[in-house]
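Peer 1: Pasting a structure below so you can have a look.
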2 protein chains.
Amino acid sequence: MKINGEHTRSIWQEQDGQTIGIIDQTLLPHRYATLQLKSCEEAAHAIKSMQTRGAPLIGAVAAYGLAMALRKDASDENLERAYRALLSTRPTAINLKWALDEIMAAVRNRPREERVAAAYKRAAEICDEDAAMSEAIGRHGLQLIEDIAKTKKPGEPVNVLTHCNAGWLATVDWGTATAPIYMAHDKGIPIHVWVDETRPRNQGASLTAFELGQHGVKHTVIPDNTGGHLMQHKMVDIAIVGTDRVTAQGDVCNKIGTYLKALAAKDNGVPFYVALPSSTIDFTVNDGVKEIPIEERAGDEVTKMTGRTAGGQIETVTITPDGSPVANYGFDVTPARLVSGLITERGIVPAERKALAAAFPDHASLKSLAKRAVG
Amino acid sequence: MKINGEHTRSIWQEQDGQTIGIIDQTLLPHRYATLQLKSCEEAAHAIKSMQTRGAPLIGAVAAYGLAMALRKDASDENLERAYRALLSTRPTAINLKWALDEIMAAVRNRPREERVAAAYKRAAEICDEDAAMSEAIGRHGLQLIEDIAKTKKPGEPVNVLTHCNAGWLATVDWGTATAPIYMAHDKGIPIHVWVDETRPRNQGASLTAFELGQHGVKHTVIPDNTGGHLMQHKMVDIAIVGTDRVTAQGDVCNKIGTYLKALAAKDNGVPFYVALPSSTIDFTVNDGVKEIPIEERAGDEVTKMTGRTAGGQIETVTITPDGSPVANYGFDVTPARLVSGLITERGIVPAERKALAAAFPDHASLKSLAKRAVG
């Protein structure tokens, strides 16, 4: 997608073939700056501090992180240590583990001298595959938008609501929830996006709004409280969000607050879709509400807010009273019954056990293997 | 309720018997400062700029505003002009109109020389009546909390979720949604309040957290996105919110985002109550979603956030990208079907047409009179 009119990916290999470049997403939308990662530790820090974020992009950064660890020390011991360190950076994202396992598989049975090249190669493939996956998700989701566009008067936009940032900044390119939006826009379909601010980290206001703006897509930033009202008044045609993990029965774990929008969509007959690469599906988990551990993040994400002062400085201010405790749950789970469908790289799949198993028999069978291994 | 351990009301007459004192709520929670209002214009400005806010308190300030207008010029013409100016400050709050009409009724048929004293007297009564009303709401709501407390293990708190500030800062004393909470706390019932931050103006994080903290009530500030997750995990026993207007059929207009919490409460079997003085009921309106005009407020409430810097300065920062438009709808409407009951000064009333008309036959009949006058 575009930054200042130029096609850009969210992760790239620098000229030296070793260093990894990423966009420092903690400075957006006020400053566009890139970061150069030179070690596994720097990759882990970038993930933990959310300089890089979004389930697919985290996977790509972690994959390169493992490659960089091997460059320092290609032993099995170091591989295991780096794997565990990278895996522990964010507990919820399932394809962090998937990407790390891909690198492990690519290097495990190789001699040490071949491991670095094999790891970098597989990490680069993961990036290309992710971009292709997002493009496929976009093509399938585009259909939904085209169908709505057909019901509109000429020039009247299709109104999409999204939560958090499941945009190209969260993936390698295109995004997941945004891929159909960018494709519709590029095809000339009038489209307008309601962008949930997404407290406490404001990924909607700072990232989704930024990337839509850079690509020229019409949008409006709204407080997270607003979506229900808009849906009641027929101002939303479709909601499309991303996800960090989908369970075998189609429950959707995503940024905190997604569940509230899904409830409002259901109550108002607004289609509610979730866009995801199939690596996000975790066939080892069934009931998302009961089984998925929800990450609790630092309280200062709630008590403090960062922005740009009138003088142009980046400043952080405290917005709660001294002595008032806060809670900061990172995600919630939207039960499958509230999900109209899952937009995947293989097409739109109902959020339902049998349909998911049928669409992804390869993934689903991994689960039974895993179960057998455990039992 | 208490500020620094001392009983305080949110509005008072100063020693001169003319000037009105209020708390400047735009500086909370970082600074506690009072404001002296000396004219109708200052009262109108205080309402418009939200230095004073909350439906009942707005009514009290407007009532005194009309009294101050009469002190300057007690003519019918000035009375009408001041009435219209005060009424236009906030379009949604129904008891702004109610309080103004009360002053009008108290002065209209009096000679000019008696009008000022009559207006101040009625305004003072409105304040005392409001405090008594809140106390009555508290007594009725306390029952709900006591019933939940009976199901808890010793020392285990009753968890209440609230949205925005329907606390004593929004009324003259006690608050509406908070009145049962303060009463339970004062009676020694263990209680803990989940305080919705309430973007974009953060009245929860800045006002509700402040007043609960000052009174010593345990609480936790949460982003508005969090309540659904908490309800899914049985961490909320009851939701209690305030309202700006309730319709004849029991629809509830309140701060934007209330509807989303009501949906989550319904989905998880959490009782969802609305606390209000009966002056908030508008029997001339039926379908809240269709009929109540929703105030759109300034965009900078969304694009900017005010707080305290590490150096202790109050600073405002911009949190959205330049060039990204925002929308700022102030309220939404929660359909009566999602409301467990209305906690009023006369008891708990179902959110339903017949029950409301039976509980408030005096108000309901005013409506038929109004209809007859129009027809």
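Residues in the structure tokens are named by chain (A, B, ... in the order shown) and by number from 1 within that chain; ligands are numbered from 1 in the order shown.
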Env of Arg122 (chain A): 9 Å cut, atoms = only C-alpha atoms, seq-sep filter 5 positions within chain, self excluded. Answer as a ChimeraX atom specification.
Peer 2: /A:63-64,102-103,106,117,127
Peer 1: Report as JSON lines the residues of chain B within 6 Å of chain A, each with its shortest atom pair and distance in Å (one decimal), using only C-alpha atoms, ordered by chain and increasing residue number.
Peer 2:
```
{"residue": "B:Pro29", "atom": "CA", "partner": "A:Pro321", "partner_atom": "CA", "distance": 5.3}
{"residue": "B:Ala205", "atom": "CA", "partner": "A:Thr320", "partner_atom": "CA", "distance": 5.3}
{"residue": "B:Ser206", "atom": "CA", "partner": "A:Thr320", "partner_atom": "CA", "distance": 5.6}
{"residue": "B:Phe210", "atom": "CA", "partner": "A:Pro321", "partner_atom": "CA", "distance": 5.9}
{"residue": "B:Thr220", "atom": "CA", "partner": "A:Val326", "partner_atom": "CA", "distance": 4.8}
{"residue": "B:Val221", "atom": "CA", "partner": "A:Val326", "partner_atom": "CA", "distance": 4.5}
{"residue": "B:Ile222", "atom": "CA", "partner": "A:Ala327", "partner_atom": "CA", "distance": 5.5}
{"residue": "B:Asn225", "atom": "CA", "partner": "A:Gly257", "partner_atom": "CA", "distance": 3.9}
{"residue": "B:His229", "atom": "CA", "partner": "A:Asp332", "partner_atom": "CA", "distance": 5.5}
{"residue": "B:Ile256", "atom": "CA", "partner": "A:Asn225", "partner_atom": "CA", "distance": 5.6}
{"residue": "B:Gly257", "atom": "CA", "partner": "A:Asn225", "partner_atom": "CA", "distance": 3.9}
{"residue": "B:Leu260", "atom": "CA", "partner": "A:Leu260", "partner_atom": "CA", "distance": 5.8}
{"residue": "B:Gly307", "atom": "CA", "partner": "A:Ile319", "partner_atom": "CA", "distance": 4.7}
{"residue": "B:Arg308", "atom": "CA", "partner": "A:Val317", "partner_atom": "CA", "distance": 4.9}
{"residue": "B:Thr309", "atom": "CA", "partner": "A:Val317", "partner_atom": "CA", "distance": 4.6}
{"residue": "B:Val317", "atom": "CA", "partner": "A:Thr309", "partner_atom": "CA", "distance": 4.6}
{"residue": "B:Thr318", "atom": "CA", "partner": "A:Arg308", "partner_atom": "CA", "distance": 5.0}
{"residue": "B:Ile319", "atom": "CA", "partner": "A:Gly307", "partner_atom": "CA", "distance": 4.7}
{"residue": "B:Thr320", "atom": "CA", "partner": "A:Ala205", "partner_atom": "CA", "distance": 5.3}
{"residue": "B:Pro321", "atom": "CA", "partner": "A:Pro29", "partner_atom": "CA", "distance": 5.2}
{"residue": "B:Pro325", "atom": "CA", "partner": "A:Thr220", "partner_atom": "CA", "distance": 5.0}
{"residue": "B:Val326", "atom": "CA", "partner": "A:Val221", "partner_atom": "CA", "distance": 4.5}
{"residue": "B:Ala327", "atom": "CA", "partner": "A:Ile222", "partner_atom": "CA", "distance": 5.5}
{"residue": "B:Asp332", "atom": "CA", "partner": "A:His229", "partner_atom": "CA", "distance": 5.5}
```
Peer 1: Excluding Lys152 (chain B) and residues on its chain fewer than 4 positions from it, collect all residues at most 12 Å away from it, counting only C-alpha atoms, and give them as a list of chain:residue names.
Peer 2: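 Using only C-alpha atoms, the neighbours found are B:Ile145, B:Glu146, B:Asp147, B:Ile148, B:Glu156, B:Pro157, B:Val158, B:Asn159, B:Ile189, B:Pro190, B:Ile191, B:Asp237.
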Peer 1: Mind checking DSSP for region 62-237 of chain B and telling me the strand (DSSP E) residues as a PDB file with all heavy atoms, in the first residue's frame?
Peer 2:
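Contents of the output file selection33.pdb:
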```
ATOM      1  N   VAL B 158     -19.697  -6.447  45.770  1.00  0.00           N
ATOM      2  CA  VAL B 158     -20.669  -6.375  44.680  1.00  0.00           C
ATOM      3  C   VAL B 158     -20.020  -5.530  43.583  1.00  0.00           C
ATOM      4  O   VAL B 158     -19.555  -4.420  43.839  1.00  0.00           O
ATOM      5  CB  VAL B 158     -21.980  -5.711  45.151  1.00  0.00           C
ATOM      6  CG1 VAL B 158     -22.940  -5.525  43.979  1.00  0.00           C
ATOM      7  CG2 VAL B 158     -22.614  -6.523  46.267  1.00  0.00           C
ATOM      8  N   ASN B 159     -19.949  -6.079  42.354  1.00  0.00           N
ATOM      9  CA  ASN B 159     -19.317  -5.366  41.242  1.00  0.00           C
ATOM     10  C   ASN B 159     -20.362  -4.645  40.399  1.00  0.00           C
ATOM     11  O   ASN B 159     -21.215  -5.277  39.786  1.00  0.00           O
ATOM     12  CB  ASN B 159     -18.533  -6.342  40.368  1.00  0.00           C
ATOM     13  CG  ASN B 159     -17.229  -6.754  41.020  1.00  0.00           C
ATOM     14  OD1 ASN B 159     -16.354  -5.929  41.247  1.00  0.00           O
ATOM     15  ND2 ASN B 159     -17.116  -8.028  41.358  1.00  0.00           N
ATOM     16  N   VAL B 160     -20.257  -3.330  40.374  1.00  0.00           N
ATOM     17  CA  VAL B 160     -21.189  -2.494  39.609  1.00  0.00           C
ATOM     18  C   VAL B 160     -20.434  -1.890  38.430  1.00  0.00           C
ATOM     19  O   VAL B 160     -19.292  -1.451  38.594  1.00  0.00           O
ATOM     20  CB  VAL B 160     -21.726  -1.336  40.480  1.00  0.00           C
ATOM     21  CG1 VAL B 160     -22.762  -0.522  39.718  1.00  0.00           C
ATOM     22  CG2 VAL B 160     -22.298  -1.856  41.788  1.00  0.00           C
ATOM     23  N   LEU B 161     -21.034  -1.895  37.246  1.00  0.00           N
ATOM     24  CA  LEU B 161     -20.431  -1.174  36.116  1.00  0.00           C
ATOM     25  C   LEU B 161     -21.248   0.081  35.846  1.00  0.00           C
ATOM     26  O   LEU B 161     -22.478   0.045  35.864  1.00  0.00           O
ATOM     27  CB  LEU B 161     -20.375  -2.051  34.857  1.00  0.00           C
ATOM     28  CG  LEU B 161     -19.705  -1.395  33.635  1.00  0.00           C
ATOM     29  CD1 LEU B 161     -18.801  -2.386  32.900  1.00  0.00           C
ATOM     30  CD2 LEU B 161     -20.728  -0.820  32.660  1.00  0.00           C
ATOM     31  N   THR B 162     -20.548   1.206  35.633  1.00  0.00           N
ATOM     32  CA  THR B 162     -21.276   2.420  35.256  1.00  0.00           C
ATOM     33  C   THR B 162     -20.582   3.099  34.078  1.00  0.00           C
ATOM     34  O   THR B 162     -19.398   2.871  33.816  1.00  0.00           O
ATOM     35  CB  THR B 162     -21.473   3.378  36.450  1.00  0.00           C
ATOM     36  OG1 THR B 162     -22.433   4.380  36.079  1.00  0.00           O
ATOM     37  CG2 THR B 162     -20.157   4.070  36.858  1.00  0.00           C
ATOM     38  N   ILE B 191     -18.241  -2.981  48.091  1.00  0.00           N
ATOM     39  CA  ILE B 191     -18.684  -2.650  46.734  1.00  0.00           C
ATOM     40  C   ILE B 191     -17.488  -2.186  45.912  1.00  0.00           C
ATOM     41  O   ILE B 191     -16.548  -1.598  46.441  1.00  0.00           O
ATOM     42  CB  ILE B 191     -19.811  -1.575  46.778  1.00  0.00           C
ATOM     43  CG1 ILE B 191     -20.534  -1.473  45.441  1.00  0.00           C
ATOM     44  CG2 ILE B 191     -19.298  -0.223  47.243  1.00  0.00           C
ATOM     45  CD1 ILE B 191     -21.925  -0.871  45.568  1.00  0.00           C
ATOM     46  N   HIS B 192     -17.498  -2.540  44.636  1.00  0.00           N
ATOM     47  CA  HIS B 192     -16.423  -2.143  43.718  1.00  0.00           C
ATOM     48  C   HIS B 192     -17.067  -1.709  42.412  1.00  0.00           C
ATOM     49  O   HIS B 192     -17.963  -2.377  41.898  1.00  0.00           O
ATOM     50  CB  HIS B 192     -15.466  -3.321  43.470  1.00  0.00           C
ATOM     51  CG  HIS B 192     -14.554  -3.089  42.308  1.00  0.00           C
ATOM     52  ND1 HIS B 192     -14.809  -3.599  41.051  1.00  0.00           N
ATOM     53  CD2 HIS B 192     -13.410  -2.379  42.210  1.00  0.00           C
ATOM     54  CE1 HIS B 192     -13.837  -3.214  40.226  1.00  0.00           C
ATOM     55  NE2 HIS B 192     -12.979  -2.485  40.898  1.00  0.00           N
ATOM     56  N   VAL B 193     -16.616  -0.604  41.871  1.00  0.00           N
ATOM     57  CA  VAL B 193     -17.240  -0.039  40.672  1.00  0.00           C
ATOM     58  C   VAL B 193     -16.273  -0.091  39.485  1.00  0.00           C
ATOM     59  O   VAL B 193     -15.137   0.388  39.571  1.00  0.00           O
ATOM     60  CB  VAL B 193     -17.678   1.428  40.912  1.00  0.00           C
ATOM     61  CG1 VAL B 193     -18.428   1.967  39.693  1.00  0.00           C
ATOM     62  CG2 VAL B 193     -18.538   1.532  42.165  1.00  0.00           C
ATOM     63  N   TRP B 194     -16.719  -0.698  38.373  1.00  0.00           N
ATOM     64  CA  TRP B 194     -16.007  -0.613  37.092  1.00  0.00           C
ATOM     65  C   TRP B 194     -16.434   0.697  36.444  1.00  0.00           C
ATOM     66  O   TRP B 194     -17.609   0.883  36.122  1.00  0.00           O
ATOM     67  CB  TRP B 194     -16.385  -1.781  36.188  1.00  0.00           C
ATOM     68  CG  TRP B 194     -15.977  -3.137  36.676  1.00  0.00           C
ATOM     69  CD1 TRP B 194     -16.808  -4.101  37.176  1.00  0.00           C
ATOM     70  CD2 TRP B 194     -14.654  -3.710  36.694  1.00  0.00           C
ATOM     71  NE1 TRP B 194     -16.084  -5.230  37.497  1.00  0.00           N
ATOM     72  CE2 TRP B 194     -14.752  -5.021  37.215  1.00  0.00           C
ATOM     73  CE3 TRP B 194     -13.392  -3.236  36.317  1.00  0.00           C
ATOM     74  CZ2 TRP B 194     -13.653  -5.855  37.370  1.00  0.00           C
ATOM     75  CZ3 TRP B 194     -12.301  -4.064  36.467  1.00  0.00           C
ATOM     76  CH2 TRP B 194     -12.426  -5.363  36.990  1.00  0.00           C
ATOM     77  N   VAL B 195     -15.488   1.589  36.256  1.00  0.00           N
ATOM     78  CA  VAL B 195     -15.798   2.921  35.736  1.00  0.00           C
ATOM     79  C   VAL B 195     -15.407   2.997  34.268  1.00  0.00           C
ATOM     80  O   VAL B 195     -14.221   3.018  33.931  1.00  0.00           O
ATOM     81  CB  VAL B 195     -15.036   3.998  36.541  1.00  0.00           C
ATOM     82  CG1 VAL B 195     -15.334   5.386  35.987  1.00  0.00           C
ATOM     83  CG2 VAL B 195     -15.378   3.917  38.028  1.00  0.00           C
ATOM     84  N   ASP B 196     -16.387   3.040  33.377  1.00  0.00           N
ATOM     85  CA  ASP B 196     -16.099   3.242  31.946  1.00  0.00           C
ATOM     86  C   ASP B 196     -15.429   4.608  31.762  1.00  0.00           C
ATOM     87  O   ASP B 196     -15.958   5.629  32.212  1.00  0.00           O
ATOM     88  CB  ASP B 196     -17.408   3.235  31.134  1.00  0.00           C
ATOM     89  CG  ASP B 196     -17.809   1.851  30.670  1.00  0.00           C
ATOM     90  OD1 ASP B 196     -17.101   0.877  30.977  1.00  0.00           O
ATOM     91  OD2 ASP B 196     -18.845   1.751  29.989  1.00  0.00           O
ATOM     92  N   LYS B 218     -14.170   1.863  46.417  1.00  0.00           N
ATOM     93  CA  LYS B 218     -13.245   1.100  45.562  1.00  0.00           C
ATOM     94  C   LYS B 218     -13.734   1.103  44.114  1.00  0.00           C
ATOM     95  O   LYS B 218     -14.929   0.895  43.862  1.00  0.00           O
ATOM     96  CB  LYS B 218     -13.143  -0.358  46.042  1.00  0.00           C
ATOM     97  CG  LYS B 218     -12.129  -0.514  47.148  1.00  0.00           C
ATOM     98  CD  LYS B 218     -11.787  -1.974  47.380  1.00  0.00           C
ATOM     99  CE  LYS B 218     -10.942  -2.097  48.634  1.00  0.00           C
ATOM    100  NZ  LYS B 218     -11.093  -3.399  49.287  1.00  0.00           N
ATOM    101  N   HIS B 219     -12.811   1.305  43.189  1.00  0.00           N
ATOM    102  CA  HIS B 219     -13.208   1.375  41.783  1.00  0.00           C
ATOM    103  C   HIS B 219     -12.017   1.082  40.890  1.00  0.00           C
ATOM    104  O   HIS B 219     -10.868   1.152  41.327  1.00  0.00           O
ATOM    105  CB  HIS B 219     -13.775   2.762  41.458  1.00  0.00           C
ATOM    106  CG  HIS B 219     -12.773   3.857  41.632  1.00  0.00           C
ATOM    107  ND1 HIS B 219     -12.430   4.353  42.889  1.00  0.00           N
ATOM    108  CD2 HIS B 219     -12.000   4.518  40.739  1.00  0.00           C
ATOM    109  CE1 HIS B 219     -11.510   5.280  42.737  1.00  0.00           C
ATOM    110  NE2 HIS B 219     -11.229   5.407  41.451  1.00  0.00           N
ATOM    111  N   THR B 220     -12.292   0.773  39.629  1.00  0.00           N
ATOM    112  CA  THR B 220     -11.266   0.530  38.623  1.00  0.00           C
ATOM    113  C   THR B 220     -11.714   1.198  37.327  1.00  0.00           C
ATOM    114  O   THR B 220     -12.835   0.960  36.863  1.00  0.00           O
ATOM    115  CB  THR B 220     -11.084  -0.990  38.372  1.00  0.00           C
ATOM    116  OG1 THR B 220     -10.792  -1.636  39.617  1.00  0.00           O
ATOM    117  CG2 THR B 220      -9.955  -1.253  37.391  1.00  0.00           C
ATOM    118  N   VAL B 221     -10.858   2.012  36.759  1.00  0.00           N
ATOM    119  CA  VAL B 221     -11.174   2.666  35.480  1.00  0.00           C
ATOM    120  C   VAL B 221     -10.854   1.697  34.342  1.00  0.00           C
ATOM    121  O   VAL B 221      -9.803   1.057  34.340  1.00  0.00           O
ATOM    122  CB  VAL B 221     -10.358   3.963  35.299  1.00  0.00           C
ATOM    123  CG1 VAL B 221     -10.649   4.595  33.941  1.00  0.00           C
ATOM    124  CG2 VAL B 221     -10.653   4.945  36.430  1.00  0.00           C
ATOM    125  N   ILE B 222     -11.775   1.571  33.400  1.00  0.00           N
ATOM    126  CA  ILE B 222     -11.573   0.683  32.248  1.00  0.00           C
ATOM    127  C   ILE B 222     -11.887   1.428  30.945  1.00  0.00           C
ATOM    128  O   ILE B 222     -12.735   2.311  30.926  1.00  0.00           O
ATOM    129  CB  ILE B 222     -12.485  -0.572  32.330  1.00  0.00           C
ATOM    130  CG1 ILE B 222     -13.937  -0.176  32.659  1.00  0.00           C
ATOM    131  CG2 ILE B 222     -11.942  -1.575  33.344  1.00  0.00           C
ATOM    132  CD1 ILE B 222     -14.925  -1.328  32.582  1.00  0.00           C
TER     133      ILE B 222
END
```
Peer 1: When you look at Pro180 (chain B) with a cut-off of 10 Å (counting only C-alpha atoms), what residues show up, excluding the ones that are within fewer than 3 positions of it in the same chain? I need them as number ranges by chain.
Peer 2: B: 134-146, 174-177, 183-186, 240, 275, 343
Peer 1: Keeping only C-alpha atoms, take the residues you just selected and write them out as a compact mmCIF listing (two decimals), in the first residue's frame.
Peer 2:
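Ended up saving to part.txt:
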```
# COMPACT_ATOMS: atom_id res chain seq x y z
CA SER B 134 -31.24 11.52 44.52
CA GLU B 135 -31.44 10.28 48.09
CA ALA B 136 -34.74 8.57 47.31
CA ILE B 137 -33.24 7.02 44.14
CA GLY B 138 -30.36 5.82 46.28
CA ARG B 139 -32.68 4.19 48.81
CA HIS B 140 -34.58 2.29 46.11
CA GLY B 141 -31.42 1.24 44.24
CA LEU B 142 -29.75 0.17 47.48
CA GLN B 143 -32.22 -2.73 47.65
CA LEU B 144 -30.83 -4.15 44.39
CA ILE B 145 -27.28 -4.01 45.73
CA GLU B 146 -28.28 -5.48 49.09
CA TRP B 174 -25.62 11.79 45.84
CA GLY B 175 -25.89 11.45 42.07
CA THR B 176 -28.37 9.19 40.30
CA ALA B 177 -26.53 6.03 39.21
CA MET B 183 -25.50 4.37 50.20
CA ALA B 184 -24.27 0.78 50.03
CA HIS B 185 -20.72 1.95 50.77
CA ASP B 186 -21.87 4.12 53.68
CA ILE B 240 -26.32 1.13 36.69
CA ALA B 275 -31.31 5.67 37.64
CA ILE B 343 -34.67 3.39 39.51
```
Peer 1: For Met231 (chain A), work out the shell of residues within 8 Å, counting only C-alpha atoms and skipping chain neighbours fewer than 4 positions away, then give it as a count of residues only.
Peer 2: 7
Peer 1: So how far away is CA of Trp168 (chain A) from CA of Met1 (chain A), in Å?
Peer 2: 7.0 Å
Peer 1: List the spatial neighbours of region 6-10 of chain B as a PyMOL selection string - criterion: any atom at most 6 Å away, only C-alpha atoms, same-chain residues fewer than 5 positions off excluded.
Peer 2: chain B and resi 1+22+169+172-173
Peer 1: Taking only C-alpha atoms into account, name the residue in B:Arg53, B:Lys72, B:His45, B:Lys234 that is nearest to Ala85 (chain B).
Peer 2: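 Selected residue with least distance to Ala85 (chain B): B:His45.
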Peer 1: Under the rule that only C-alpha atoms are counted, which of A:Ala74, A:Val349, A:Cys253, A:Met133 is the nearest residue to Met104 (chain A)?
Peer 2: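 Of all the options, A:Ala74 lies closest to Met104 (chain A).
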Peer 1: Distance CA of Val61 (chain A)-CA of Ile11 (chain A), one decimal place?
Peer 2: 7.6 Å
